[in-house]
Amino acid sequence: MKLKFVFLFIIAGLVQFSFALTFSDPSTLKIAVFDVNATPPVGSQLTYGQMKNSDDLSLRAKGIILIGAGKPIVLCAIDWIGIANESQDIFKDSLAKAAETTPDRVVVHTLHQHDAPICDFTAEKILKRNNMSLYCFDGTFARRLIKDIQLSITSSLLNAQPITQIGLGKAVVYNVASNRRINKKDGKVGAMRGSSSADSVLRAMPEGLIDPEISLISFWNDNKPVAILSFYATHPQSYYLTNIANPDFVGIARYFRQLAVPDALHIHFNGAGGNIAAGKYNDGNHENRLILAERMADGMKRAWGSTQKYPIKAADVKWLTEPLLLPYNPKIADVEKNMREKGNEGYYISNSLSRFGWYVRRKEGKSIETSCLSMGNARLLFMPGELFVEYQLAAKNMAPDKFVAMAAYGDYGPSYIGTQEAYSEGGYEIEVSPVTSDAEKIIMNVIKTLLAKSDK
């Protein structure tokens with residue numbers, strides 16, 4: 001352990017020396033990339049059960065550090081179901097220290113795969129205080145992962161590369177995403193068409209409202225791609241509850257593209273897919289995991305083929321933040337009572353406690369930070385929770401002349417965040433949502449403010 005700390009001290013010194021030599025030109029934008037194994041050991045608790053094995057593909061924590069546009073900016077995406085509440089604070093603080101920046105310039109998002117861990121140090125504290133089993137909220141491995149990411153960031157800064165251009169590309173992904181809330185009667189949502197659907201009637205219904213596009217933003221050192229960020233809105237499950245940790249079809253698609261463009265680290269972000277899943281195109285057959293992955297990878301490939309490159313300098317990059325205070329539903333207070341009554345039901349704890357933790361923090365006045373990375377004509381929005389796709393589509397409509405992409409699943413605490421209309425329609429997402437219908441106006445204003453500030 002002492003040797004590890006000595007090594008970190010040496011690396012930190014080298015990084016500071018490297019900064020002094022390499023980053024002296026204030027006009028140059030630079031990038032460092034990191035990629036860490038985020039798979040817990042066998043026997044760990046995944047979100048919905050004890051892990052008995054891991055898939056051929058590991059869970060990853062991938063990201064970039066942009067250097068030169070003020071203090072460094074860190075974007076991180078992890079193959080977990082969610083990182084919520086105090087865990088977000090600690091992840092951001094820790095990654096900021098490693099990158100020598102401030103926590104408000106760090107975002108940590110998850111891809112929301114279900115055969116994967118969940119992380120919430122607030123929930124962990126609540127369970128400890130009530131002398132209950134920690135279930136999936138034992139933060140031991142998460143704290144180890146944080147240290148591993150810190151070390152990877154610190155090391156990666158030694159190999160930062162100049163960025164001379166960014167690439168922007170989009171393409172339609174065919175036959176993957178579909179709306180979960182398509183089954184409506186008399187203004188109310190009936191049976192949900194989820195990530196998979198054995199009901200042929202539900203599968204036959206229209207695709208519904210989705211964002212069909214996948215967006216790719218690439219970073220180039222002259223003619224060499226260094227990193228590629230992709231954004232697509234859908235729940236990423238083909239099938240789950242296997243007790244085998246795996247990155248599901250989005251992780252497989254990402255791996256396909258990593259093989260196709262091996263010199264650039266491919267990092268994927270889940271968009272506003274709270275009400276979007278593959279249910280129309282997935283009857284639960286396990287072979288569909290590969291089929292969905294291939295369709296998504298095909299969209300990524302065509303977006304890559306459509307990419308246009310633009311010169312970029314540090315002065316062309318802005319980082320903007322806005323606090324988000326979501327309205328809470330008082331009914332979430334019932335979770336504290338219910339968790340004691342259902343203390344032996346790990347599924348209830350897994351699904352409910354982060355929402356309760358967010359409710360407690362919100363009542364204490366804690367806001368969630370939203371962010372926008374502006375680079376030339378690109379606007380990348382980083383948002384919390386399981387936002388409905390309407391927010392992503394609205395953001396694009398607010399800036400039709402810009403290349404707008406959105407990542408949701410930042411702070412996982414507020415869970416499902418529907419539109420005002422959705423709260424009158426009911427349905428699973430609304431029944432469990434800890435926020436109220438007033439959330440729409442607040443979120444739309446925050447998105448509008450971020451986009452407006454990016455043009456100043």
# chains A, B, ... in the order shown; residues from 1 in each chain; ligands from 1
call {"tool": "residues_around", "arguments": {"residues": "segment 185-200 of chain A", "least_positions_apart": "5", "cutoff": "12 Å", "atoms": "only C-alpha atoms", "output": "mmCIF file with all heavy atoms, in the first residue's frame"}}
result
data_model
loop_
_atom_site.group_PDB
_atom_site.id
_atom_site.type_symbol
_atom_site.label_atom_id
_atom_site.label_comp_id
_atom_site.auth_asym_id
_atom_site.auth_seq_id
_atom_site.Cartn_x
_atom_site.Cartn_y
_atom_site.Cartn_z
ATOM 1 N N GLN A 113 -26.912 -0.383 -17.683
ATOM 2 C CA GLN A 113 -27.083 -1.833 -17.824
ATOM 3 C C GLN A 113 -27.553 -2.408 -16.494
ATOM 4 O O GLN A 113 -27.138 -1.963 -15.426
ATOM 5 C CB GLN A 113 -25.766 -2.493 -18.238
ATOM 6 C CG GLN A 113 -25.227 -2.041 -19.592
ATOM 7 C CD GLN A 113 -24.184 -0.963 -19.476
ATOM 8 O OE1 GLN A 113 -24.196 -0.164 -18.532
ATOM 9 N NE2 GLN A 113 -23.247 -0.919 -20.409
ATOM 10 N N HIS A 114 -28.411 -3.439 -16.543
ATOM 11 C CA HIS A 114 -29.045 -3.939 -15.318
ATOM 12 C C HIS A 114 -28.279 -5.084 -14.646
ATOM 13 O O HIS A 114 -28.431 -5.269 -13.434
ATOM 14 C CB HIS A 114 -30.475 -4.376 -15.607
ATOM 15 C CG HIS A 114 -31.444 -3.227 -15.596
ATOM 16 N ND1 HIS A 114 -31.078 -1.933 -15.896
ATOM 17 C CD2 HIS A 114 -32.774 -3.172 -15.310
ATOM 18 C CE1 HIS A 114 -32.136 -1.140 -15.806
ATOM 19 N NE2 HIS A 114 -33.180 -1.867 -15.435
ATOM 20 N N VAL A 176 -34.067 -0.513 -33.139
ATOM 21 C CA VAL A 176 -33.549 -0.732 -31.782
ATOM 22 C C VAL A 176 -34.472 -0.069 -30.762
ATOM 23 O O VAL A 176 -35.062 -0.734 -29.914
ATOM 24 C CB VAL A 176 -32.104 -0.204 -31.626
ATOM 25 C CG1 VAL A 176 -31.671 -0.282 -30.153
ATOM 26 C CG2 VAL A 176 -31.144 -1.022 -32.483
ATOM 27 N N ALA A 177 -34.620 1.236 -30.829
ATOM 28 C CA ALA A 177 -35.387 1.973 -29.826
ATOM 29 C C ALA A 177 -36.877 2.007 -30.163
ATOM 30 O O ALA A 177 -37.263 2.090 -31.327
ATOM 31 C CB ALA A 177 -34.852 3.398 -29.715
ATOM 32 N N SER A 178 -37.691 1.944 -29.119
ATOM 33 C CA SER A 178 -39.134 2.118 -29.262
ATOM 34 C C SER A 178 -39.669 2.706 -27.964
ATOM 35 O O SER A 178 -39.064 2.558 -26.906
ATOM 36 C CB SER A 178 -39.823 0.786 -29.573
ATOM 37 O OG SER A 178 -39.610 -0.154 -28.540
ATOM 38 N N ASN A 179 -40.803 3.385 -28.053
ATOM 39 C CA ASN A 179 -41.369 4.018 -26.867
ATOM 40 C C ASN A 179 -42.029 2.986 -25.968
ATOM 41 O O ASN A 179 -42.773 2.127 -26.440
ATOM 42 C CB ASN A 179 -42.381 5.098 -27.270
ATOM 43 C CG ASN A 179 -42.632 6.094 -26.159
ATOM 44 O OD1 ASN A 179 -43.288 5.788 -25.169
ATOM 45 N ND2 ASN A 179 -42.102 7.304 -26.318
ATOM 46 N N ARG A 180 -41.760 3.053 -24.672
ATOM 47 C CA ARG A 180 -42.308 2.084 -23.720
ATOM 48 C C ARG A 180 -43.768 2.357 -23.387
ATOM 49 O O ARG A 180 -44.481 1.460 -22.931
ATOM 50 C CB ARG A 180 -41.513 2.121 -22.402
ATOM 51 C CG ARG A 180 -40.028 1.943 -22.591
ATOM 52 C CD ARG A 180 -39.255 1.511 -21.386
ATOM 53 N NE ARG A 180 -39.625 2.062 -20.101
ATOM 54 C CZ ARG A 180 -39.046 1.681 -18.952
ATOM 55 N NH1 ARG A 180 -38.094 0.753 -18.979
ATOM 56 N NH2 ARG A 180 -39.398 2.207 -17.806
ATOM 57 N N MET A 205 -47.402 -2.761 -32.082
ATOM 58 C CA MET A 205 -47.769 -1.346 -32.026
ATOM 59 C C MET A 205 -46.651 -0.485 -32.627
ATOM 60 O O MET A 205 -45.504 -0.922 -32.756
ATOM 61 C CB MET A 205 -48.046 -0.938 -30.579
ATOM 62 C CG MET A 205 -49.344 -1.501 -30.035
ATOM 63 S SD MET A 205 -49.668 -0.952 -28.327
ATOM 64 C CE MET A 205 -51.292 -1.641 -28.066
ATOM 65 N N PRO A 206 -46.972 0.749 -33.015
ATOM 66 C CA PRO A 206 -45.967 1.618 -33.645
ATOM 67 C C PRO A 206 -44.741 1.833 -32.767
ATOM 68 O O PRO A 206 -44.782 1.646 -31.546
ATOM 69 C CB PRO A 206 -46.723 2.928 -33.869
ATOM 70 C CG PRO A 206 -48.160 2.545 -33.893
ATOM 71 C CD PRO A 206 -48.293 1.389 -32.940
ATOM 72 N N GLU A 207 -43.682 2.250 -33.401
ATOM 73 C CA GLU A 207 -42.439 2.539 -32.683
ATOM 74 C C GLU A 207 -42.653 3.622 -31.643
ATOM 75 O O GLU A 207 -42.082 3.582 -30.556
ATOM 76 C CB GLU A 207 -41.384 2.973 -33.702
ATOM 77 C CG GLU A 207 -39.971 2.969 -33.202
ATOM 78 C CD GLU A 207 -38.993 3.234 -34.337
ATOM 79 O OE1 GLU A 207 -39.040 4.339 -34.925
ATOM 80 O OE2 GLU A 207 -38.178 2.341 -34.648
ATOM 81 N N GLY A 208 -43.500 4.598 -31.965
ATOM 82 C CA GLY A 208 -43.765 5.687 -31.037
ATOM 83 C C GLY A 208 -42.688 6.754 -31.072
ATOM 84 O O GLY A 208 -41.751 6.701 -31.874
ATOM 85 N N THR A 234 -31.780 5.115 -25.226
ATOM 86 C CA THR A 234 -32.609 3.932 -25.023
ATOM 87 C C THR A 234 -32.169 3.212 -23.756
ATOM 88 O O THR A 234 -30.992 3.275 -23.379
ATOM 89 C CB THR A 234 -32.539 2.951 -26.202
ATOM 90 O OG1 THR A 234 -33.500 1.906 -26.015
ATOM 91 C CG2 THR A 234 -31.165 2.320 -26.331
ATOM 92 N N HIS A 235 -33.124 2.540 -23.099
ATOM 93 C CA HIS A 235 -32.706 1.560 -22.096
ATOM 94 C C HIS A 235 -31.839 0.522 -22.815
ATOM 95 O O HIS A 235 -32.177 0.099 -23.920
ATOM 96 C CB HIS A 235 -33.929 0.886 -21.476
ATOM 97 C CG HIS A 235 -34.458 1.582 -20.259
ATOM 98 N ND1 HIS A 235 -35.030 2.837 -20.314
ATOM 99 C CD2 HIS A 235 -34.506 1.192 -18.953
ATOM 100 C CE1 HIS A 235 -35.391 3.195 -19.082
ATOM 101 N NE2 HIS A 235 -35.086 2.237 -18.243
ATOM 102 N N PRO A 236 -30.757 0.077 -22.200
ATOM 103 C CA PRO A 236 -29.797 -0.775 -22.918
ATOM 104 C C PRO A 236 -29.956 -2.276 -22.681
ATOM 105 O O PRO A 236 -29.028 -3.033 -22.916
ATOM 106 C CB PRO A 236 -28.460 -0.296 -22.343
ATOM 107 C CG PRO A 236 -28.792 0.011 -20.911
ATOM 108 C CD PRO A 236 -30.204 0.554 -20.921
ATOM 109 N N GLN A 237 -31.129 -2.718 -22.209
ATOM 110 C CA GLN A 237 -31.270 -4.133 -21.846
ATOM 111 C C GLN A 237 -31.816 -4.977 -23.003
ATOM 112 O O GLN A 237 -32.807 -4.600 -23.631
ATOM 113 C CB GLN A 237 -32.215 -4.304 -20.640
ATOM 114 C CG GLN A 237 -31.722 -3.675 -19.365
ATOM 115 C CD GLN A 237 -32.074 -2.216 -19.293
ATOM 116 O OE1 GLN A 237 -33.127 -1.780 -19.747
ATOM 117 N NE2 GLN A 237 -31.182 -1.418 -18.720
ATOM 118 N N SER A 238 -31.178 -6.108 -23.225
ATOM 119 C CA SER A 238 -31.748 -7.146 -24.100
ATOM 120 C C SER A 238 -32.429 -8.192 -23.208
ATOM 121 O O SER A 238 -33.579 -8.545 -23.404
ATOM 122 C CB SER A 238 -30.671 -7.777 -24.963
ATOM 123 O OG SER A 238 -29.564 -8.202 -24.173
ATOM 124 N N TYR A 239 -31.700 -8.677 -22.203
ATOM 125 C CA TYR A 239 -32.250 -9.508 -21.122
ATOM 126 C C TYR A 239 -31.321 -9.359 -19.927
ATOM 127 O O TYR A 239 -30.160 -8.965 -20.074
ATOM 128 C CB TYR A 239 -32.404 -10.973 -21.540
ATOM 129 C CG TYR A 239 -31.112 -11.658 -21.939
ATOM 130 C CD1 TYR A 239 -30.383 -12.403 -21.017
ATOM 131 C CD2 TYR A 239 -30.622 -11.569 -23.240
ATOM 132 C CE1 TYR A 239 -29.193 -13.035 -21.378
ATOM 133 C CE2 TYR A 239 -29.445 -12.195 -23.612
ATOM 134 C CZ TYR A 239 -28.730 -12.929 -22.671
ATOM 135 O OH TYR A 239 -27.559 -13.554 -23.034
ATOM 136 N N TYR A 240 -31.835 -9.638 -18.742
ATOM 137 C CA TYR A 240 -31.019 -9.435 -17.541
ATOM 138 C C TYR A 240 -31.507 -10.333 -16.423
ATOM 139 O O TYR A 240 -32.233 -11.298 -16.662
ATOM 140 C CB TYR A 240 -30.971 -7.957 -17.132
ATOM 141 C CG TYR A 240 -32.292 -7.284 -16.847
ATOM 142 C CD1 TYR A 240 -32.742 -7.094 -15.547
ATOM 143 C CD2 TYR A 240 -33.079 -6.805 -17.886
ATOM 144 C CE1 TYR A 240 -33.951 -6.462 -15.282
ATOM 145 C CE2 TYR A 240 -34.289 -6.162 -17.635
ATOM 146 C CZ TYR A 240 -34.719 -6.007 -16.337
ATOM 147 O OH TYR A 240 -35.911 -5.380 -16.083
ATOM 148 N N ASP A 248 -24.142 -5.572 -21.859
ATOM 149 C CA ASP A 248 -25.325 -5.687 -22.718
ATOM 150 C C ASP A 248 -25.040 -5.161 -24.131
ATOM 151 O O ASP A 248 -23.907 -4.973 -24.515
ATOM 152 C CB ASP A 248 -26.544 -5.026 -22.086
ATOM 153 C CG ASP A 248 -27.826 -5.838 -22.291
ATOM 154 O OD1 ASP A 248 -28.168 -6.108 -23.454
ATOM 155 O OD2 ASP A 248 -28.467 -6.206 -21.301
ATOM 156 N N PHE A 249 -26.117 -4.926 -24.902
ATOM 157 C CA PHE A 249 -25.901 -4.704 -26.335
ATOM 158 C C PHE A 249 -25.207 -3.385 -26.632
ATOM 159 O O PHE A 249 -24.487 -3.273 -27.632
ATOM 160 C CB PHE A 249 -27.204 -4.851 -27.124
ATOM 161 C CG PHE A 249 -28.223 -3.761 -26.961
ATOM 162 C CD1 PHE A 249 -28.169 -2.599 -27.728
ATOM 163 C CD2 PHE A 249 -29.282 -3.909 -26.073
ATOM 164 C CE1 PHE A 249 -29.127 -1.610 -27.605
ATOM 165 C CE2 PHE A 249 -30.251 -2.924 -25.950
ATOM 166 C CZ PHE A 249 -30.173 -1.770 -26.711
ATOM 167 N N GLY A 273 -33.376 8.369 -22.247
ATOM 168 C CA GLY A 273 -34.105 7.166 -22.639
ATOM 169 C C GLY A 273 -34.994 6.604 -21.555
ATOM 170 O O GLY A 273 -35.258 5.397 -21.540
ATOM 171 N N GLY A 274 -35.485 7.441 -20.644
ATOM 172 C CA GLY A 274 -36.303 6.940 -19.547
ATOM 173 C C GLY A 274 -37.565 6.234 -20.007
ATOM 174 O O GLY A 274 -38.025 5.286 -19.365
ATOM 175 N N ASN A 275 -38.133 6.698 -21.113
ATOM 176 C CA ASN A 275 -39.348 6.068 -21.641
ATOM 177 C C ASN A 275 -39.096 5.346 -22.965
ATOM 178 O O ASN A 275 -40.017 5.117 -23.754
ATOM 179 C CB ASN A 275 -40.459 7.104 -21.815
ATOM 180 C CG ASN A 275 -40.039 8.300 -22.667
ATOM 181 O OD1 ASN A 275 -38.849 8.545 -22.885
ATOM 182 N ND2 ASN A 275 -41.012 9.065 -23.161
ATOM 183 N N ILE A 276 -37.838 4.961 -23.187
ATOM 184 C CA ILE A 276 -37.442 4.318 -24.441
ATOM 185 C C ILE A 276 -36.742 2.993 -24.142
ATOM 186 O O ILE A 276 -35.940 2.908 -23.209
ATOM 187 C CB ILE A 276 -36.477 5.220 -25.247
ATOM 188 C CG1 ILE A 276 -37.057 6.622 -25.418
ATOM 189 C CG2 ILE A 276 -36.149 4.596 -26.594
ATOM 190 C CD1 ILE A 276 -38.345 6.686 -26.205
ATOM 191 N N ALA A 277 -37.059 1.968 -24.929
ATOM 192 C CA ALA A 277 -36.415 0.656 -24.772
ATOM 193 C C ALA A 277 -36.535 -0.105 -26.091
ATOM 194 O O ALA A 277 -37.084 0.406 -27.075
ATOM 195 C CB ALA A 277 -37.057 -0.128 -23.627
ATOM 196 N N ALA A 278 -36.053 -1.333 -26.101
ATOM 197 C CA ALA A 278 -36.019 -2.122 -27.339
ATOM 198 C C ALA A 278 -37.215 -3.057 -27.482
ATOM 199 O O ALA A 278 -37.213 -3.946 -28.334
ATOM 200 C CB ALA A 278 -34.721 -2.930 -27.391
ATOM 201 N N GLY A 279 -38.269 -2.851 -26.673
ATOM 202 C CA GLY A 279 -39.357 -3.821 -26.585
ATOM 203 C C GLY A 279 -40.063 -4.163 -27.874
ATOM 204 O O GLY A 279 -40.521 -5.300 -28.049
ATOM 205 N N LYS A 280 -40.173 -3.232 -28.804
ATOM 206 C CA LYS A 280 -40.826 -3.542 -30.080
ATOM 207 C C LYS A 280 -40.009 -4.547 -30.887
ATOM 208 O O LYS A 280 -40.567 -5.353 -31.651
ATOM 209 C CB LYS A 280 -41.039 -2.267 -30.904
ATOM 210 C CG LYS A 280 -41.666 -2.527 -32.277
ATOM 211 C CD LYS A 280 -42.006 -1.238 -32.995
ATOM 212 C CE LYS A 280 -42.523 -1.529 -34.404
ATOM 213 N NZ LYS A 280 -43.726 -2.411 -34.411
ATOM 214 N N TYR A 281 -38.696 -4.504 -30.709
ATOM 215 C CA TYR A 281 -37.796 -5.320 -31.527
ATOM 216 C C TYR A 281 -37.152 -6.456 -30.742
ATOM 217 O O TYR A 281 -36.204 -7.078 -31.202
ATOM 218 C CB TYR A 281 -36.708 -4.417 -32.133
ATOM 219 C CG TYR A 281 -37.302 -3.264 -32.899
ATOM 220 C CD1 TYR A 281 -37.275 -1.959 -32.382
ATOM 221 C CD2 TYR A 281 -37.936 -3.476 -34.115
ATOM 222 C CE1 TYR A 281 -37.847 -0.903 -33.082
ATOM 223 C CE2 TYR A 281 -38.507 -2.421 -34.818
ATOM 224 C CZ TYR A 281 -38.464 -1.145 -34.295
ATOM 225 O OH TYR A 281 -39.035 -0.100 -34.983
ATOM 226 N N ASN A 282 -37.669 -6.725 -29.558
ATOM 227 C CA ASN A 282 -37.031 -7.724 -28.694
ATOM 228 C C ASN A 282 -38.097 -8.514 -27.942
ATOM 229 O O ASN A 282 -38.770 -7.976 -27.053
ATOM 230 C CB ASN A 282 -36.089 -7.020 -27.705
ATOM 231 C CG ASN A 282 -35.379 -7.993 -26.779
ATOM 232 O OD1 ASN A 282 -35.208 -9.171 -27.091
ATOM 233 N ND2 ASN A 282 -34.971 -7.500 -25.624
ATOM 234 N N ASP A 283 -38.241 -9.776 -28.281
ATOM 235 C CA ASP A 283 -39.213 -10.629 -27.590
ATOM 236 C C ASP A 283 -38.604 -11.361 -26.407
ATOM 237 O O ASP A 283 -39.247 -12.205 -25.794
ATOM 238 C CB ASP A 283 -39.837 -11.637 -28.567
ATOM 239 C CG ASP A 283 -38.807 -12.586 -29.189
ATOM 240 O OD1 ASP A 283 -37.610 -12.506 -28.819
ATOM 241 O OD2 ASP A 283 -39.199 -13.402 -30.052
ATOM 242 N N GLY A 284 -37.358 -11.032 -26.063
ATOM 243 C CA GLY A 284 -36.679 -11.661 -24.938
ATOM 244 C C GLY A 284 -35.782 -12.805 -25.326
ATOM 245 O O GLY A 284 -35.047 -13.341 -24.483
ATOM 246 N N ASN A 285 -35.816 -13.205 -26.588
ATOM 247 C CA ASN A 285 -34.920 -14.254 -27.062
ATOM 248 C C ASN A 285 -33.472 -13.802 -26.882
ATOM 249 O O ASN A 285 -33.104 -12.694 -27.287
ATOM 250 C CB ASN A 285 -35.209 -14.531 -28.542
ATOM 251 C CG ASN A 285 -34.535 -15.784 -29.047
ATOM 252 O OD1 ASN A 285 -33.349 -15.985 -28.813
ATOM 253 N ND2 ASN A 285 -35.282 -16.620 -29.746
ATOM 254 N N HIS A 286 -32.643 -14.648 -26.312
ATOM 255 C CA HIS A 286 -31.272 -14.240 -25.979
ATOM 256 C C HIS A 286 -30.428 -13.922 -27.204
ATOM 257 O O HIS A 286 -29.458 -13.160 -27.112
ATOM 258 C CB HIS A 286 -30.603 -15.318 -25.125
ATOM 259 C CG HIS A 286 -31.139 -15.366 -23.725
ATOM 260 N ND1 HIS A 286 -30.543 -16.085 -22.708
ATOM 261 C CD2 HIS A 286 -32.224 -14.764 -23.162
ATOM 262 C CE1 HIS A 286 -31.253 -15.945 -21.590
ATOM 263 N NE2 HIS A 286 -32.274 -15.147 -21.841
ATOM 264 N N ASN A 288 -31.220 -12.049 -29.440
ATOM 265 C CA ASN A 288 -31.456 -10.650 -29.812
ATOM 266 C C ASN A 288 -30.393 -9.702 -29.274
ATOM 267 O O ASN A 288 -30.268 -8.576 -29.763
ATOM 268 C CB ASN A 288 -32.837 -10.197 -29.325
ATOM 269 C CG ASN A 288 -33.956 -10.791 -30.150
ATOM 270 O OD1 ASN A 288 -33.769 -11.126 -31.318
ATOM 271 N ND2 ASN A 288 -35.127 -10.948 -29.550
ATOM 272 N N ARG A 289 -29.645 -10.117 -28.264
ATOM 273 C CA ARG A 289 -28.569 -9.245 -27.756
ATOM 274 C C ARG A 289 -27.585 -8.913 -28.869
ATOM 275 O O ARG A 289 -27.236 -7.744 -29.078
ATOM 276 C CB ARG A 289 -27.855 -9.896 -26.573
ATOM 277 C CG ARG A 289 -26.673 -9.078 -26.054
ATOM 278 C CD ARG A 289 -26.143 -9.634 -24.743
ATOM 279 N NE ARG A 289 -27.094 -9.380 -23.664
ATOM 280 C CZ ARG A 289 -26.950 -9.840 -22.428
ATOM 281 N NH1 ARG A 289 -25.887 -10.593 -22.116
ATOM 282 N NH2 ARG A 289 -27.832 -9.560 -21.494
ATOM 283 N N LEU A 292 -29.372 -6.695 -31.677
ATOM 284 C CA LEU A 292 -29.480 -5.285 -31.285
ATOM 285 C C LEU A 292 -28.117 -4.598 -31.301
ATOM 286 O O LEU A 292 -27.998 -3.439 -31.714
ATOM 287 C CB LEU A 292 -30.116 -5.179 -29.897
ATOM 288 C CG LEU A 292 -31.583 -5.609 -29.797
ATOM 289 C CD1 LEU A 292 -32.002 -5.729 -28.331
ATOM 290 C CD2 LEU A 292 -32.496 -4.628 -30.534
ATOM 291 N N GLU A 421 -47.305 16.166 -19.143
ATOM 292 C CA GLU A 421 -48.410 15.353 -19.655
ATOM 293 C C GLU A 421 -48.337 13.918 -19.141
ATOM 294 O O GLU A 421 -49.353 13.310 -18.817
ATOM 295 C CB GLU A 421 -48.410 15.360 -21.179
ATOM 296 C CG GLU A 421 -49.556 14.586 -21.796
ATOM 297 C CD GLU A 421 -49.524 14.600 -23.311
ATOM 298 O OE1 GLU A 421 -48.457 14.936 -23.893
ATOM 299 O OE2 GLU A 421 -50.543 14.263 -23.933
ATOM 300 N N ALA A 422 -47.123 13.396 -19.054
ATOM 301 C CA ALA A 422 -46.948 12.001 -18.625
ATOM 302 C C ALA A 422 -47.495 11.771 -17.219
ATOM 303 O O ALA A 422 -48.014 10.680 -16.926
ATOM 304 C CB ALA A 422 -45.476 11.620 -18.690
ATOM 305 N N TYR A 423 -47.386 12.775 -16.355
ATOM 306 C CA TYR A 423 -47.850 12.585 -14.976
ATOM 307 C C TYR A 423 -49.377 12.459 -14.895
ATOM 308 O O TYR A 423 -49.905 11.905 -13.928
ATOM 309 C CB TYR A 423 -47.335 13.717 -14.087
ATOM 310 C CG TYR A 423 -45.869 13.516 -13.740
ATOM 311 C CD1 TYR A 423 -44.871 14.002 -14.577
ATOM 312 C CD2 TYR A 423 -45.486 12.785 -12.622
ATOM 313 C CE1 TYR A 423 -43.533 13.792 -14.297
ATOM 314 C CE2 TYR A 423 -44.152 12.569 -12.327
ATOM 315 C CZ TYR A 423 -43.177 13.066 -13.176
ATOM 316 O OH TYR A 423 -41.842 12.833 -12.910
ATOM 317 N N SER A 424 -50.081 12.923 -15.910
ATOM 318 C CA SER A 424 -51.534 12.719 -15.948
ATOM 319 C C SER A 424 -51.899 11.387 -16.593
ATOM 320 O O SER A 424 -53.015 10.906 -16.435
ATOM 321 C CB SER A 424 -52.200 13.865 -16.723
ATOM 322 O OG SER A 424 -51.834 13.834 -18.103
ATOM 323 N N GLU A 425 -50.933 10.780 -17.298
ATOM 324 C CA GLU A 425 -51.192 9.513 -17.990
ATOM 325 C C GLU A 425 -50.898 8.286 -17.128
ATOM 326 O O GLU A 425 -51.352 7.193 -17.438
ATOM 327 C CB GLU A 425 -50.332 9.431 -19.264
ATOM 328 C CG GLU A 425 -50.666 10.478 -20.301
ATOM 329 C CD GLU A 425 -49.684 10.472 -21.457
ATOM 330 O OE1 GLU A 425 -48.512 10.075 -21.250
ATOM 331 O OE2 GLU A 425 -50.076 10.869 -22.561
ATOM 332 N N GLY A 426 -50.133 8.463 -16.065
ATOM 333 C CA GLY A 426 -49.786 7.340 -15.208
ATOM 334 C C GLY A 426 -48.777 6.425 -15.863
ATOM 335 O O GLY A 426 -47.976 6.839 -16.696
ATOM 336 N N GLY A 427 -48.786 5.158 -15.463
ATOM 337 C CA GLY A 427 -47.804 4.207 -15.971
ATOM 338 C C GLY A 427 -46.678 3.989 -14.980
ATOM 339 O O GLY A 427 -46.500 4.766 -14.028
ATOM 340 N N TYR A 428 -45.911 2.941 -15.197
ATOM 341 C CA TYR A 428 -44.878 2.534 -14.236
ATOM 342 C C TYR A 428 -43.924 3.666 -13.887
ATOM 343 O O TYR A 428 -43.654 3.938 -12.709
ATOM 344 C CB TYR A 428 -44.090 1.341 -14.793
ATOM 345 C CG TYR A 428 -42.815 1.070 -14.037
ATOM 346 C CD1 TYR A 428 -42.850 0.500 -12.761
ATOM 347 C CD2 TYR A 428 -41.574 1.420 -14.574
ATOM 348 C CE1 TYR A 428 -41.677 0.267 -12.046
ATOM 349 C CE2 TYR A 428 -40.406 1.186 -13.865
ATOM 350 C CZ TYR A 428 -40.464 0.619 -12.603
ATOM 351 O OH TYR A 428 -39.314 0.405 -11.903
ATOM 352 N N GLU A 429 -43.387 4.323 -14.898
ATOM 353 C CA GLU A 429 -42.371 5.346 -14.637
ATOM 354 C C GLU A 429 -42.900 6.445 -13.722
ATOM 355 O O GLU A 429 -42.178 6.934 -12.843
ATOM 356 C CB GLU A 429 -41.888 5.965 -15.961
ATOM 357 C CG GLU A 429 -41.268 4.967 -16.932
ATOM 358 C CD GLU A 429 -42.281 4.407 -17.913
ATOM 359 O OE1 GLU A 429 -43.504 4.552 -17.662
ATOM 360 O OE2 GLU A 429 -41.859 3.818 -18.911
ATOM 361 N N ILE A 430 -44.150 6.825 -13.949
ATOM 362 C CA ILE A 430 -44.754 7.906 -13.171
ATOM 363 C C ILE A 430 -45.103 7.438 -11.756
ATOM 364 O O ILE A 430 -44.963 8.190 -10.782
ATOM 365 C CB ILE A 430 -45.996 8.443 -13.894
ATOM 366 C CG1 ILE A 430 -45.620 8.964 -15.277
ATOM 367 C CG2 ILE A 430 -46.685 9.509 -13.072
ATOM 368 C CD1 ILE A 430 -44.498 9.979 -15.302
ATOM 369 N N GLU A 431 -45.541 6.192 -11.646
ATOM 370 C CA GLU A 431 -45.894 5.654 -10.325
ATOM 371 C C GLU A 431 -44.712 5.650 -9.369
ATOM 372 O O GLU A 431 -44.883 5.822 -8.157
ATOM 373 C CB GLU A 431 -46.450 4.244 -10.477
ATOM 374 C CG GLU A 431 -47.819 4.181 -11.152
ATOM 375 C CD GLU A 431 -48.224 2.768 -11.506
ATOM 376 O OE1 GLU A 431 -47.446 1.827 -11.196
ATOM 377 O OE2 GLU A 431 -49.299 2.584 -12.102
#
call {"tool": "select_by_dssp", "arguments": {"residues": "segment 242-306 of chain A", "states": "helix (DSSP H, G or I)", "output": "PyMOL selection string"}}
result
chain A and resi 248-260+279-281+288-305
call {"tool": "select_by_dssp", "arguments": {"residues": "segment 154-323 of chain A", "states": "strand (DSSP E or B)", "output": "MDAnalysis selection string"}}
result
chainID A and resid 161:163 165:172 178:179 184:185 188:189 213:221 224:232 244:245 265:270 276:277 308:311 317:323
call {"tool": "closest_atom_pairs", "arguments": {"of": "segment 210-319 of chain A", "to": "segment 396-403 of chain A", "cutoff": "12 Å", "atoms": "only C-alpha atoms", "output": "Markdown table"}}
result
| residue | atom | partner | partner_atom | distance |
| --- | --- | --- | --- | --- |
| A:Asp211 | CA | A:Lys396 | CA | 10.1 |
| A:Glu213 | CA | A:Lys396 | CA | 11.3 |
| A:Ile214 | CA | A:Phe403 | CA | 11.6 |
| A:Ser215 | CA | A:Phe403 | CA | 8.6 |
| A:Leu216 | CA | A:Phe403 | CA | 9.9 |
| A:Ile217 | CA | A:Phe403 | CA | 9.4 |
| A:Phe231 | CA | A:Phe403 | CA | 11.8 |
| A:Thr307 | CA | A:Phe403 | CA | 11.8 |
| A:Gln308 | CA | A:Phe403 | CA | 11.5 |
